[in-house]
>>> print(open('query32.tsv').read())   # TSV, C-alpha atoms (C1' of nucleotides)
chain	number	residue	atom	x	y	z
A	1	MET	CA	55.25	26.19	-26.72
A	2	ILE	CA	58.70	24.87	-26.23
A	3	ASN	CA	58.53	25.21	-22.48
A	4	LYS	CA	55.37	26.36	-20.80
A	5	LYS	CA	57.28	27.41	-17.73
A	6	ILE	CA	59.26	30.03	-19.60
A	7	ALA	CA	57.46	30.83	-22.81
A	8	LYS	CA	54.89	33.56	-23.02
A	9	PRO	CA	52.97	34.07	-26.26
A	10	SER	CA	54.79	36.40	-28.65
A	11	SER	CA	57.40	37.22	-26.04
A	12	THR	CA	60.27	38.35	-28.23
A	13	GLY	CA	62.64	38.71	-25.30
A	14	GLU	CA	62.17	35.12	-24.23
A	15	CYS	CA	62.34	33.96	-27.82
A	16	ILE	CA	65.77	35.52	-28.25
A	17	LYS	CA	67.04	33.71	-25.18
A	18	MET	CA	66.19	30.49	-26.95
A	19	LEU	CA	67.38	31.53	-30.39
A	20	LEU	CA	70.88	32.63	-29.46
A	21	PRO	CA	72.10	29.52	-27.64
A	22	VAL	CA	70.58	27.26	-30.29
A	23	ARG	CA	72.42	29.20	-32.97
A	24	ASP	CA	75.61	28.81	-30.99
A	25	SER	CA	75.09	25.06	-31.02
A	26	LEU	CA	74.19	24.98	-34.70
A	27	ASP	CA	77.32	26.94	-35.55
A	28	ILE	CA	79.45	24.19	-34.02
A	29	LEU	CA	77.42	21.26	-35.29
A	30	ASN	CA	76.55	22.58	-38.76
A	31	GLY	CA	76.68	20.46	-41.87
A	32	LYS	CA	75.65	16.93	-42.51
A	33	TRP	CA	78.70	15.14	-41.13
A	34	LYS	CA	79.69	16.48	-37.71
A	35	LEU	CA	77.08	14.70	-35.63
A	36	PRO	CA	77.50	11.42	-37.50
A	37	ILE	CA	81.24	11.58	-36.81
A	38	ILE	CA	80.64	12.30	-33.14
A	39	ILE	CA	78.20	9.41	-32.94
A	40	ALA	CA	80.65	7.02	-34.58
A	41	LEU	CA	83.34	8.06	-32.13
A	42	SER	CA	80.97	7.73	-29.19
A	43	TYR	CA	81.22	3.99	-29.80
A	44	GLY	CA	84.96	4.11	-29.23
A	45	SER	CA	88.09	5.63	-30.74
A	46	LYS	CA	88.50	5.05	-34.42
A	47	ARG	CA	91.04	5.50	-37.17
A	48	PHE	CA	90.53	7.57	-40.29
A	49	LYS	CA	89.61	4.70	-42.59
A	50	GLU	CA	87.36	3.13	-40.00
A	51	LEU	CA	85.41	6.35	-39.76
A	52	GLN	CA	85.17	6.60	-43.50
A	53	ARG	CA	83.84	3.06	-43.73
A	54	GLU	CA	81.35	3.57	-40.96
A	55	ILE	CA	79.98	6.90	-42.11
A	56	SER	CA	78.35	5.97	-45.35
A	57	GLY	CA	78.91	8.44	-48.16
A	58	ILE	CA	81.60	10.66	-46.69
A	59	THR	CA	84.70	11.37	-48.79
A	60	ALA	CA	88.25	11.55	-47.44
A	61	LYS	CA	88.32	15.25	-48.12
A	62	ALA	CA	85.13	15.96	-46.22
A	63	LEU	CA	86.10	13.69	-43.34
A	64	SER	CA	89.48	15.37	-43.06
A	65	LYS	CA	87.97	18.83	-42.98
A	66	GLU	CA	85.23	17.96	-40.52
A	67	LEU	CA	87.68	16.29	-38.15
A	68	LYS	CA	89.80	19.43	-38.14
A	69	ASP	CA	86.77	21.56	-37.29
A	70	LEU	CA	85.83	19.21	-34.48
A	71	GLU	CA	89.38	19.24	-33.17
A	72	VAL	CA	89.48	23.05	-33.14
A	73	ASN	CA	86.31	23.05	-31.08
A	74	GLN	CA	87.79	20.43	-28.77
A	75	LEU	CA	85.10	17.88	-29.39
A	76	VAL	CA	87.57	15.38	-30.86
A	77	LYS	CA	91.19	14.58	-30.12
A	78	ARG	CA	93.72	13.37	-32.68
A	79	ALA	CA	96.55	11.06	-31.67
A	80	VAL	CA	99.37	10.01	-33.98
A	81	PHE	CA	101.26	6.78	-33.32
A	82	ASP	CA	104.67	6.33	-34.80
A	83	THR	CA	104.10	2.92	-36.32
A	84	LYS	CA	104.80	2.04	-39.93
A	85	PRO	CA	102.79	3.05	-41.68
A	86	VAL	CA	101.66	5.77	-39.34
A	87	THR	CA	98.51	5.17	-37.29
A	88	VAL	CA	96.12	7.97	-36.36
A	89	GLU	CA	93.40	7.60	-33.82
A	90	TYR	CA	90.46	9.92	-33.26
A	91	THR	CA	88.81	10.03	-29.86
A	92	LEU	CA	85.81	11.88	-28.53
A	93	THR	CA	86.83	14.26	-25.76
A	94	ASP	CA	84.94	14.53	-22.48
A	95	TYR	CA	83.52	17.72	-23.88
A	96	GLY	CA	82.39	15.94	-27.03
A	97	GLN	CA	80.59	13.44	-24.84
A	98	THR	CA	78.44	16.21	-23.37
A	99	LEU	CA	76.52	16.16	-26.66
A	100	ASP	CA	74.97	12.85	-25.67
A	101	LYS	CA	71.57	14.28	-24.74
A	102	VAL	CA	71.35	16.25	-27.97
A	103	ILE	CA	72.11	13.12	-29.94
A	104	ILE	CA	69.65	10.99	-28.01
A	105	GLU	CA	66.85	13.45	-28.70
A	106	LEU	CA	67.74	13.72	-32.37
A	107	ARG	CA	67.70	9.95	-32.61
A	108	ASN	CA	64.37	9.66	-30.80
A	109	TRP	CA	62.83	12.21	-33.12
A	110	GLY	CA	64.31	10.54	-36.18
A	111	VAL	CA	62.86	7.19	-35.16
A	112	LYS	CA	59.40	8.70	-34.65
A	113	HIS	CA	59.65	10.62	-37.90
A	114	ARG	CA	60.53	7.51	-39.86
A	115	LYS	CA	57.56	5.65	-38.38
A	116	ARG	CA	55.31	8.55	-39.32
A	117	ILE	CA	56.58	8.59	-42.90
A	118	ILE	CA	56.30	4.83	-43.34
A	119	GLY	CA	52.87	4.84	-41.72
A	120	LYS	CA	51.45	7.09	-44.42
B	121	MET	CA	79.47	6.20	-24.89
B	122	ILE	CA	76.21	7.73	-25.90
B	123	ASN	CA	74.17	5.24	-23.96
B	124	LYS	CA	75.83	2.64	-21.80
B	125	LYS	CA	72.73	0.48	-21.91
B	126	ILE	CA	72.93	-0.02	-25.66
B	127	ALA	CA	76.42	0.82	-26.79
B	128	LYS	CA	79.13	-1.77	-26.91
B	129	PRO	CA	82.65	-0.69	-27.83
B	130	SER	CA	83.19	-0.70	-31.59
B	131	SER	CA	79.81	-2.26	-32.17
B	132	THR	CA	79.16	-1.24	-35.76
B	133	GLY	CA	75.66	-2.69	-35.78
B	134	GLU	CA	74.58	-0.61	-32.81
B	135	CYS	CA	76.33	2.43	-34.21
B	136	ILE	CA	74.30	2.23	-37.40
B	137	LYS	CA	71.09	2.15	-35.39
B	138	MET	CA	72.10	5.51	-34.00
B	139	LEU	CA	73.44	6.95	-37.23
B	140	LEU	CA	70.43	6.32	-39.44
B	141	PRO	CA	67.71	7.98	-37.34
B	142	VAL	CA	69.97	10.94	-36.60
B	143	ARG	CA	70.56	11.39	-40.30
B	144	ASP	CA	66.81	11.24	-40.88
B	145	SER	CA	66.43	14.09	-38.40
B	146	LEU	CA	69.29	16.08	-39.87
B	147	ASP	CA	67.79	15.73	-43.36
B	148	ILE	CA	64.62	17.46	-42.16
B	149	LEU	CA	66.32	20.06	-39.97
B	150	ASN	CA	69.35	20.84	-42.15
B	151	GLY	CA	70.63	24.34	-42.69
B	152	LYS	CA	71.02	27.23	-40.37
B	153	TRP	CA	67.45	28.50	-40.41
B	154	LYS	CA	64.93	25.70	-39.87
B	155	LEU	CA	65.33	25.30	-36.13
B	156	PRO	CA	65.40	29.06	-35.52
B	157	ILE	CA	62.13	29.37	-37.47
B	158	ILE	CA	60.57	26.55	-35.47
B	159	ILE	CA	61.70	28.16	-32.24
B	160	ALA	CA	60.27	31.54	-33.22
B	161	LEU	CA	56.94	29.89	-34.07
B	162	SER	CA	56.95	27.94	-30.83
B	163	TYR	CA	56.28	31.26	-29.13
B	164	GLY	CA	53.10	31.71	-31.14
B	165	SER	CA	51.90	32.05	-34.72
B	166	LYS	CA	53.65	34.74	-36.69
B	167	ARG	CA	53.46	36.56	-39.98
B	168	PHE	CA	56.16	36.61	-42.62
B	169	LYS	CA	57.60	39.99	-41.68
B	170	GLU	CA	57.46	39.22	-37.98
B	171	LEU	CA	59.52	36.11	-38.55
B	172	GLN	CA	62.00	38.02	-40.65
B	173	ARG	CA	62.39	40.64	-37.95
B	174	GLU	CA	62.76	38.09	-35.20
B	175	ILE	CA	65.24	35.83	-36.95
B	176	SER	CA	68.22	38.06	-37.27
B	177	GLY	CA	70.03	37.84	-40.59
B	178	ILE	CA	67.56	35.84	-42.67
B	179	THR	CA	66.59	37.17	-46.10
B	180	ALA	CA	63.08	37.07	-47.56
B	181	LYS	CA	64.24	34.52	-50.12
B	182	ALA	CA	65.71	32.19	-47.55
B	183	LEU	CA	62.74	32.54	-45.21
B	184	SER	CA	60.33	31.82	-48.05
B	185	LYS	CA	62.21	28.71	-49.10
B	186	GLU	CA	62.66	27.37	-45.59
B	187	LEU	CA	58.99	27.88	-44.75
B	188	LYS	CA	58.02	25.88	-47.83
B	189	ASP	CA	60.33	23.04	-46.78
B	190	LEU	CA	58.87	23.05	-43.29
B	191	GLU	CA	55.35	23.06	-44.70
B	192	VAL	CA	56.09	20.08	-46.95
B	193	ASN	CA	57.32	18.18	-43.92
B	194	GLN	CA	54.22	19.24	-41.99
B	195	LEU	CA	56.11	21.00	-39.26
B	196	VAL	CA	54.52	24.35	-40.10
B	197	LYS	CA	51.09	25.39	-41.39
B	198	ARG	CA	50.42	28.36	-43.62
B	199	ALA	CA	47.13	30.23	-43.39
B	200	VAL	CA	46.09	33.02	-45.77
B	201	PHE	CA	43.53	35.59	-44.68
B	202	ASP	CA	41.65	37.56	-47.27
B	203	THR	CA	42.29	40.98	-45.82
B	204	LYS	CA	43.73	43.92	-47.74
B	205	PRO	CA	46.54	43.67	-48.10
B	206	VAL	CA	46.61	39.94	-47.68
B	207	THR	CA	47.67	38.53	-44.31
B	208	VAL	CA	49.58	35.27	-43.99
B	209	GLU	CA	50.08	33.48	-40.74
B	210	TYR	CA	52.50	30.68	-40.02
B	211	THR	CA	51.80	28.27	-37.20
B	212	LEU	CA	53.73	25.38	-35.73
B	213	THR	CA	51.81	22.12	-36.17
B	214	ASP	CA	51.39	19.60	-33.38
B	215	TYR	CA	54.02	17.59	-35.15
B	216	GLY	CA	56.38	20.54	-35.22
B	217	GLN	CA	55.94	20.84	-31.48
B	218	THR	CA	57.32	17.35	-30.99
B	219	LEU	CA	60.75	18.86	-31.66
B	220	ASP	CA	60.63	20.54	-28.26
B	221	LYS	CA	63.04	18.13	-26.57
B	222	VAL	CA	65.56	18.40	-29.38
B	223	ILE	CA	65.45	22.17	-29.12
B	224	ILE	CA	65.74	22.19	-25.33
B	225	GLU	CA	68.86	20.04	-25.49
B	226	LEU	CA	70.41	22.14	-28.22
B	227	ARG	CA	69.74	25.24	-26.15
B	228	ASN	CA	71.18	23.68	-23.00
B	229	TRP	CA	74.31	22.68	-24.85
B	230	GLY	CA	74.62	26.09	-26.47
B	231	VAL	CA	74.38	27.81	-23.10
B	232	LYS	CA	77.10	25.59	-21.65
B	233	HIS	CA	79.26	26.02	-24.71
B	234	ARG	CA	79.04	29.79	-24.53
B	235	LYS	CA	80.05	29.74	-20.88
B	236	ARG	CA	82.98	27.53	-21.75
B	237	ILE	CA	84.13	29.85	-24.52
B	238	ILE	CA	83.78	32.99	-22.44
B	239	GLY	CA	85.48	31.32	-19.50
B	240	LYS	CA	88.66	30.82	-21.49
C	241	DC	C1'	52.19	43.01	-46.89
C	242	DG	C1'	54.10	38.80	-48.66
C	243	DG	C1'	56.53	37.42	-51.37
C	244	DT	C1'	59.17	36.41	-56.64
C	245	DA	C1'	62.73	37.38	-60.19
C	246	DT	C1'	67.27	38.06	-61.35
C	247	DC	C1'	72.11	38.18	-60.90
C	248	DC	C1'	76.16	36.97	-58.82
C	249	DC	C1'	79.38	34.51	-56.08
C	250	DT	C1'	81.28	31.69	-52.65
C	251	DG	C1'	82.05	27.42	-50.80
C	252	DA	C1'	80.55	22.71	-49.94
C	253	DG	C1'	81.05	18.47	-52.16
C	254	DG	C1'	82.19	14.76	-55.61
C	255	DA	C1'	85.85	12.43	-58.66
C	256	DT	C1'	90.29	11.30	-59.38
C	257	DA	C1'	95.05	11.22	-58.72
C	258	DC	C1'	98.87	11.36	-55.92
C	259	DT	C1'	102.26	11.52	-51.56
C	260	DG	C1'	104.90	10.46	-47.10
D	261	DC	C1'	97.44	4.01	-43.92
D	262	DA	C1'	96.20	8.85	-43.66
D	263	DG	C1'	95.57	12.03	-45.79
D	264	DT	C1'	96.57	16.30	-49.74
D	265	DA	C1'	96.18	18.30	-54.38
D	266	DT	C1'	93.55	19.48	-58.24
D	267	DC	C1'	89.69	20.15	-60.86
D	268	DC	C1'	85.06	20.58	-61.32
D	269	DT	C1'	80.06	21.45	-60.57
D	270	DC	C1'	76.17	22.99	-58.54
D	271	DA	C1'	73.02	24.28	-54.87
D	272	DG	C1'	72.57	28.10	-51.31
D	273	DG	C1'	72.85	32.59	-49.95
D	274	DG	C1'	73.25	37.60	-50.34
D	275	DA	C1'	71.87	41.94	-52.83
D	276	DT	C1'	68.73	44.31	-55.34
D	277	DA	C1'	64.71	45.12	-57.82
D	278	DC	C1'	60.14	44.38	-58.64
D	279	DC	C1'	54.92	42.63	-58.40
D	280	DG	C1'	49.90	41.69	-56.89
>>> encode(input="query32.tsv", output="structure tokens")
Amino acid sequence: MINKKIAKPSSTGECIKMLLPVRDSLDILNGKWKLPIIIALSYGSKRFKELQREISGITAKALSKELKDLEVNQLVKRAVFDTKPVTVEYTLTDYGQTLDKVIIELRNWGVKHRKRIIGK
Amino acid sequence: MINKKIAKPSSTGECIKMLLPVRDSLDILNGKWKLPIIIALSYGSKRFKELQREISGITAKALSKELKDLEVNQLVKRAVFDTKPVTVEYTLTDYGQTLDKVIIELRNWGVKHRKRIIGK
DNA sequence: CGGTATCCCTGAGGATACTG
DNA sequence: CAGTATCCTCAGGGATACCG
């Protein structure tokens, strides 16, 4: 049971109440790059190339697209500075920071999972 | 900052420690269906058709494939009963249940996100 | 019931080159 | 630096039909 206080066995109504919000979250966070980007930015604002260096394996094209998605959903803010050459800085919004608990739990599970795999 | 106790601004080393475990988790939970399946099973063991009915939009092919992935990673157990016609029951393993905190946080965030969207 | 087989198609993703 | 443009490929997902 996910939560013994709410869940009743085979209770479809309760199940739906869990499924819908989780799907809302997954729709925003889908793909392999969005959470890694958010994590990188949670350690401070970064520029495009910095992000690309830090997030191993991501291409410029993918990074560009994912940043746009995150900006549309107001998780990330883009700031352009009129230097030469131009400087662009990406910052996690306050709203983006509300994902902290989700990320912590995903990290905790990932750490345990890795131990389990190595242990075998 | 994700966690003020660990994170230092622009600390790439610390950032990596967050990125790697999260990517381990995302590798296991990738796609739009795995967490919904796990949630549905967290409300009790279910048969193939029950799952398909409960998880709105999933096709038999996708469900079949996702269940195999989850079984390989030992999050779900498959039990065949020699009735006629054959009955197959899918159950969340103890290990699968350790995802409860991840799911709770994703649900909490999804609920807040929906309120935010509707509020606009 | 519990799936597989087949076909088709979109879109994510890599490689490379190029621009303001 | 901060991307875009182009080309390509290939896995994933839907639709439909079928099988033990």
>>> calpha_fit_and_write(input="query32.tsv", fixed="chain B", moving="chain A", output="mmCIF file with C-alpha atoms, in the coordinates of the input")
data_model
loop_
_atom_site.group_PDB
_atom_site.id
_atom_site.type_symbol
_atom_site.label_atom_id
_atom_site.label_comp_id
_atom_site.auth_asym_id
_atom_site.auth_seq_id
_atom_site.Cartn_x
_atom_site.Cartn_y
_atom_site.Cartn_z
ATOM 1 C CA MET A 1 79.442 6.299 -24.883
ATOM 2 C CA ILE A 2 76.193 7.818 -25.894
ATOM 3 C CA ASN A 3 74.169 5.342 -23.899
ATOM 4 C CA LYS A 4 75.865 2.766 -21.752
ATOM 5 C CA LYS A 5 72.793 0.589 -21.783
ATOM 6 C CA ILE A 6 72.951 0.056 -25.521
ATOM 7 C CA ALA A 7 76.428 0.886 -26.705
ATOM 8 C CA LYS A 8 79.141 -1.705 -26.878
ATOM 9 C CA PRO A 9 82.665 -0.656 -27.840
ATOM 10 C CA SER A 10 83.192 -0.696 -31.605
ATOM 11 C CA SER A 11 79.802 -2.270 -32.176
ATOM 12 C CA THR A 12 79.135 -1.252 -35.757
ATOM 13 C CA GLY A 13 75.638 -2.704 -35.740
ATOM 14 C CA GLU A 14 74.576 -0.611 -32.782
ATOM 15 C CA CYS A 15 76.324 2.415 -34.213
ATOM 16 C CA ILE A 16 74.272 2.202 -37.395
ATOM 17 C CA LYS A 17 71.065 2.127 -35.388
ATOM 18 C CA MET A 18 72.067 5.489 -34.003
ATOM 19 C CA LEU A 19 73.422 6.929 -37.232
ATOM 20 C CA LEU A 20 70.405 6.305 -39.430
ATOM 21 C CA PRO A 21 67.695 7.963 -37.337
ATOM 22 C CA VAL A 22 69.949 10.932 -36.602
ATOM 23 C CA ARG A 23 70.548 11.370 -40.314
ATOM 24 C CA ASP A 24 66.818 11.239 -40.879
ATOM 25 C CA SER A 25 66.413 14.083 -38.412
ATOM 26 C CA LEU A 26 69.280 16.076 -39.884
ATOM 27 C CA ASP A 27 67.797 15.726 -43.353
ATOM 28 C CA ILE A 28 64.635 17.471 -42.171
ATOM 29 C CA LEU A 29 66.315 20.054 -39.975
ATOM 30 C CA ASN A 30 69.343 20.833 -42.159
ATOM 31 C CA GLY A 31 70.626 24.326 -42.741
ATOM 32 C CA LYS A 32 71.026 27.237 -40.440
ATOM 33 C CA TRP A 33 67.453 28.520 -40.444
ATOM 34 C CA LYS A 34 64.948 25.709 -39.902
ATOM 35 C CA LEU A 35 65.337 25.322 -36.160
ATOM 36 C CA PRO A 36 65.403 29.071 -35.551
ATOM 37 C CA ILE A 37 62.137 29.377 -37.480
ATOM 38 C CA ILE A 38 60.576 26.554 -35.495
ATOM 39 C CA ILE A 39 61.707 28.164 -32.258
ATOM 40 C CA ALA A 40 60.263 31.532 -33.243
ATOM 41 C CA LEU A 41 56.955 29.896 -34.077
ATOM 42 C CA SER A 42 56.965 27.926 -30.838
ATOM 43 C CA TYR A 43 56.312 31.269 -29.159
ATOM 44 C CA GLY A 44 53.108 31.676 -31.133
ATOM 45 C CA SER A 45 51.921 32.053 -34.715
ATOM 46 C CA LYS A 46 53.665 34.729 -36.675
ATOM 47 C CA ARG A 47 53.436 36.532 -39.978
ATOM 48 C CA PHE A 48 56.142 36.601 -42.615
ATOM 49 C CA LYS A 49 57.590 39.980 -41.688
ATOM 50 C CA GLU A 50 57.444 39.213 -37.996
ATOM 51 C CA LEU A 51 59.517 36.114 -38.571
ATOM 52 C CA GLN A 52 61.982 38.030 -40.659
ATOM 53 C CA ARG A 53 62.369 40.645 -37.945
ATOM 54 C CA GLU A 54 62.758 38.088 -35.217
ATOM 55 C CA ILE A 55 65.234 35.837 -36.975
ATOM 56 C CA SER A 56 68.217 38.080 -37.274
ATOM 57 C CA GLY A 57 69.999 37.893 -40.606
ATOM 58 C CA ILE A 58 67.533 35.898 -42.671
ATOM 59 C CA THR A 59 66.542 37.245 -46.095
ATOM 60 C CA ALA A 60 63.034 37.111 -47.556
ATOM 61 C CA LYS A 61 64.198 34.618 -50.121
ATOM 62 C CA ALA A 62 65.690 32.252 -47.578
ATOM 63 C CA LEU A 63 62.728 32.581 -45.232
ATOM 64 C CA SER A 64 60.318 31.852 -48.058
ATOM 65 C CA LYS A 65 62.199 28.756 -49.122
ATOM 66 C CA GLU A 66 62.662 27.405 -45.618
ATOM 67 C CA LEU A 67 58.991 27.888 -44.784
ATOM 68 C CA LYS A 68 58.037 25.890 -47.858
ATOM 69 C CA ASP A 69 60.342 23.053 -46.819
ATOM 70 C CA LEU A 70 58.880 23.061 -43.331
ATOM 71 C CA GLU A 71 55.363 23.068 -44.727
ATOM 72 C CA VAL A 72 56.106 20.084 -46.978
ATOM 73 C CA ASN A 73 57.332 18.187 -43.946
ATOM 74 C CA GLN A 74 54.237 19.234 -42.018
ATOM 75 C CA LEU A 75 56.124 20.996 -39.288
ATOM 76 C CA VAL A 76 54.539 24.357 -40.125
ATOM 77 C CA LYS A 77 51.124 25.361 -41.399
ATOM 78 C CA ARG A 78 50.425 28.354 -43.629
ATOM 79 C CA ALA A 79 47.128 30.211 -43.407
ATOM 80 C CA VAL A 80 46.091 32.998 -45.762
ATOM 81 C CA PHE A 81 43.526 35.570 -44.645
ATOM 82 C CA ASP A 82 41.671 37.537 -47.235
ATOM 83 C CA THR A 83 42.266 40.966 -45.767
ATOM 84 C CA LYS A 84 43.679 43.902 -47.686
ATOM 85 C CA PRO A 85 46.496 43.676 -48.053
ATOM 86 C CA VAL A 86 46.576 39.936 -47.654
ATOM 87 C CA THR A 87 47.660 38.520 -44.292
ATOM 88 C CA VAL A 88 49.571 35.254 -43.976
ATOM 89 C CA GLU A 89 50.081 33.470 -40.729
ATOM 90 C CA TYR A 90 52.531 30.672 -40.016
ATOM 91 C CA THR A 91 51.809 28.251 -37.203
ATOM 92 C CA LEU A 92 53.744 25.363 -35.751
ATOM 93 C CA THR A 93 51.831 22.119 -36.192
ATOM 94 C CA ASP A 94 51.401 19.589 -33.397
ATOM 95 C CA TYR A 95 54.033 17.581 -35.183
ATOM 96 C CA GLY A 96 56.389 20.550 -35.237
ATOM 97 C CA GLN A 97 55.928 20.844 -31.497
ATOM 98 C CA THR A 98 57.325 17.342 -31.006
ATOM 99 C CA LEU A 99 60.755 18.859 -31.671
ATOM 100 C CA ASP A 100 60.637 20.539 -28.279
ATOM 101 C CA LYS A 101 63.027 18.123 -26.570
ATOM 102 C CA VAL A 102 65.552 18.398 -29.382
ATOM 103 C CA ILE A 103 65.447 22.163 -29.118
ATOM 104 C CA ILE A 104 65.733 22.171 -25.345
ATOM 105 C CA GLU A 105 68.849 20.018 -25.493
ATOM 106 C CA LEU A 106 70.403 22.128 -28.225
ATOM 107 C CA ARG A 107 69.748 25.216 -26.150
ATOM 108 C CA ASN A 108 71.182 23.656 -22.994
ATOM 109 C CA TRP A 109 74.314 22.656 -24.851
ATOM 110 C CA GLY A 110 74.622 26.067 -26.469
ATOM 111 C CA VAL A 111 74.399 27.782 -23.096
ATOM 112 C CA LYS A 112 77.103 25.534 -21.632
ATOM 113 C CA HIS A 113 79.266 25.964 -24.706
ATOM 114 C CA ARG A 114 79.067 29.734 -24.519
ATOM 115 C CA LYS A 115 80.074 29.677 -20.851
ATOM 116 C CA ARG A 116 83.010 27.446 -21.720
ATOM 117 C CA ILE A 117 84.167 29.769 -24.494
ATOM 118 C CA ILE A 118 83.818 32.912 -22.393
ATOM 119 C CA GLY A 119 85.508 31.204 -19.458
ATOM 120 C CA LYS A 120 88.707 30.686 -21.424
#
>>> residues_around(input="query32.tsv", residues="DG280 in chain D", least_positions_apart="3", cutoff="10 Å", atoms="all atoms listed in the file", output="list in words")
Pro205 and Val206 of chain B; DG242 and DG243 of chain C
>>> atom_distance(input="query32.tsv", atom1="CA of Leu187 in chain B", atom2="C1' of DG254 in chain C")
28.8 Å
>>> interface_residues(input="query32.tsv", of="chain C", to="chain A", cutoff="12 Å", atoms="only C-alpha atoms (C1' of nucleotides)", output="list in words")
DA252, DG253, DG254, DA255, DT256 and DG260 of chain C
>>> atom_distance(input="query32.tsv", atom1="C1' of DT246 in chain C", atom2="C1' of DG274 in chain D")
12.5 Å
>>> residues_around(input="query32.tsv", residues="DA257 in chain C", least_positions_apart="2", cutoff="12 Å", atoms="all atoms listed in the file", output="list of chain:residue names")
C:DA255, C:DT259, D:DT264, D:DA265, D:DT266, D:DC267
>>> atom_distance(input="query32.tsv", atom1="CA of Arg47 in chain A", atom2="CA of Val88 in chain A")
5.7 Å
>>> interface_residues(input="query32.tsv", of="chain B", to="chain A", cutoff="9 Å", atoms="all atoms listed in the file", output="number ranges by chain")
B: 121-123, 127-132, 134-147, 150-153, 155-156, 159-166, 174-175, 217-234
>>> residues_around(input="query32.tsv", residues="DC249 in chain C", least_positions_apart="5", cutoff="12 Å", atoms="only C-alpha atoms (C1' of nucleotides)", output="list in words")
DG272, DG273, DG274 and DA275 of chain D
>>> interface_residues(input="query32.tsv", of="chain D", to="chain A", cutoff="8 Å", atoms="all atoms listed in the file", output="list in words")
DC261, DA262 and DG263 of chain D
>>> decode(input="query32.tsv", residues="range 145-156 of chain B", atoms="N, CA, C and O atoms", output="CSV table (one decimal), in the first residue's frame")
chain,number,residue,atom,x,y,z
B,145,SER,N,17.5,6.1,-10.9
B,145,SER,CA,16.1,6.0,-10.7
B,145,SER,C,15.3,6.2,-12.0
B,145,SER,O,14.4,5.4,-12.3
B,146,LEU,N,15.6,7.2,-12.7
B,146,LEU,CA,14.9,7.5,-13.9
B,146,LEU,C,15.1,6.4,-14.9
B,146,LEU,O,14.1,6.1,-15.7
B,147,ASP,N,16.2,5.7,-15.0
B,147,ASP,CA,16.4,4.6,-15.9
B,147,ASP,C,15.4,3.5,-15.6
B,147,ASP,O,14.9,2.8,-16.5
B,148,ILE,N,15.1,3.3,-14.4
B,148,ILE,CA,14.2,2.2,-14.0
B,148,ILE,C,12.8,2.6,-14.2
B,148,ILE,O,11.9,1.8,-14.6
B,149,LEU,N,12.5,3.9,-14.0
B,149,LEU,CA,11.1,4.3,-13.9
B,149,LEU,C,10.7,5.1,-15.2
B,149,LEU,O,9.6,5.7,-15.2
B,150,ASN,N,11.5,5.1,-16.2
B,150,ASN,CA,11.3,5.9,-17.4
B,150,ASN,C,10.0,5.6,-18.1
B,150,ASN,O,9.4,4.5,-17.9
B,151,GLY,N,9.6,6.5,-18.9
B,151,GLY,CA,8.3,6.3,-19.7
B,151,GLY,C,7.1,6.8,-18.9
B,151,GLY,O,7.2,7.1,-17.7
B,152,LYS,N,6.0,6.8,-19.6
B,152,LYS,CA,4.8,7.3,-19.0
B,152,LYS,C,4.0,6.3,-18.2
B,152,LYS,O,3.0,6.7,-17.5
B,153,TRP,N,4.3,5.0,-18.3
B,153,TRP,CA,3.4,4.0,-17.7
B,153,TRP,C,3.9,3.3,-16.4
B,153,TRP,O,3.1,2.8,-15.7
B,154,LYS,N,5.2,3.3,-16.2
B,154,LYS,CA,5.7,2.4,-15.1
B,154,LYS,C,5.2,2.9,-13.7
B,154,LYS,O,4.7,2.0,-13.0
B,155,LEU,N,5.3,4.1,-13.4
B,155,LEU,CA,4.8,4.6,-12.1
B,155,LEU,C,3.2,4.4,-12.0
B,155,LEU,O,2.8,3.9,-11.0
B,156,PRO,N,2.5,4.7,-13.0
B,156,PRO,CA,1.0,4.4,-13.0
B,156,PRO,C,0.8,2.9,-12.7
B,156,PRO,O,-0.1,2.6,-11.9
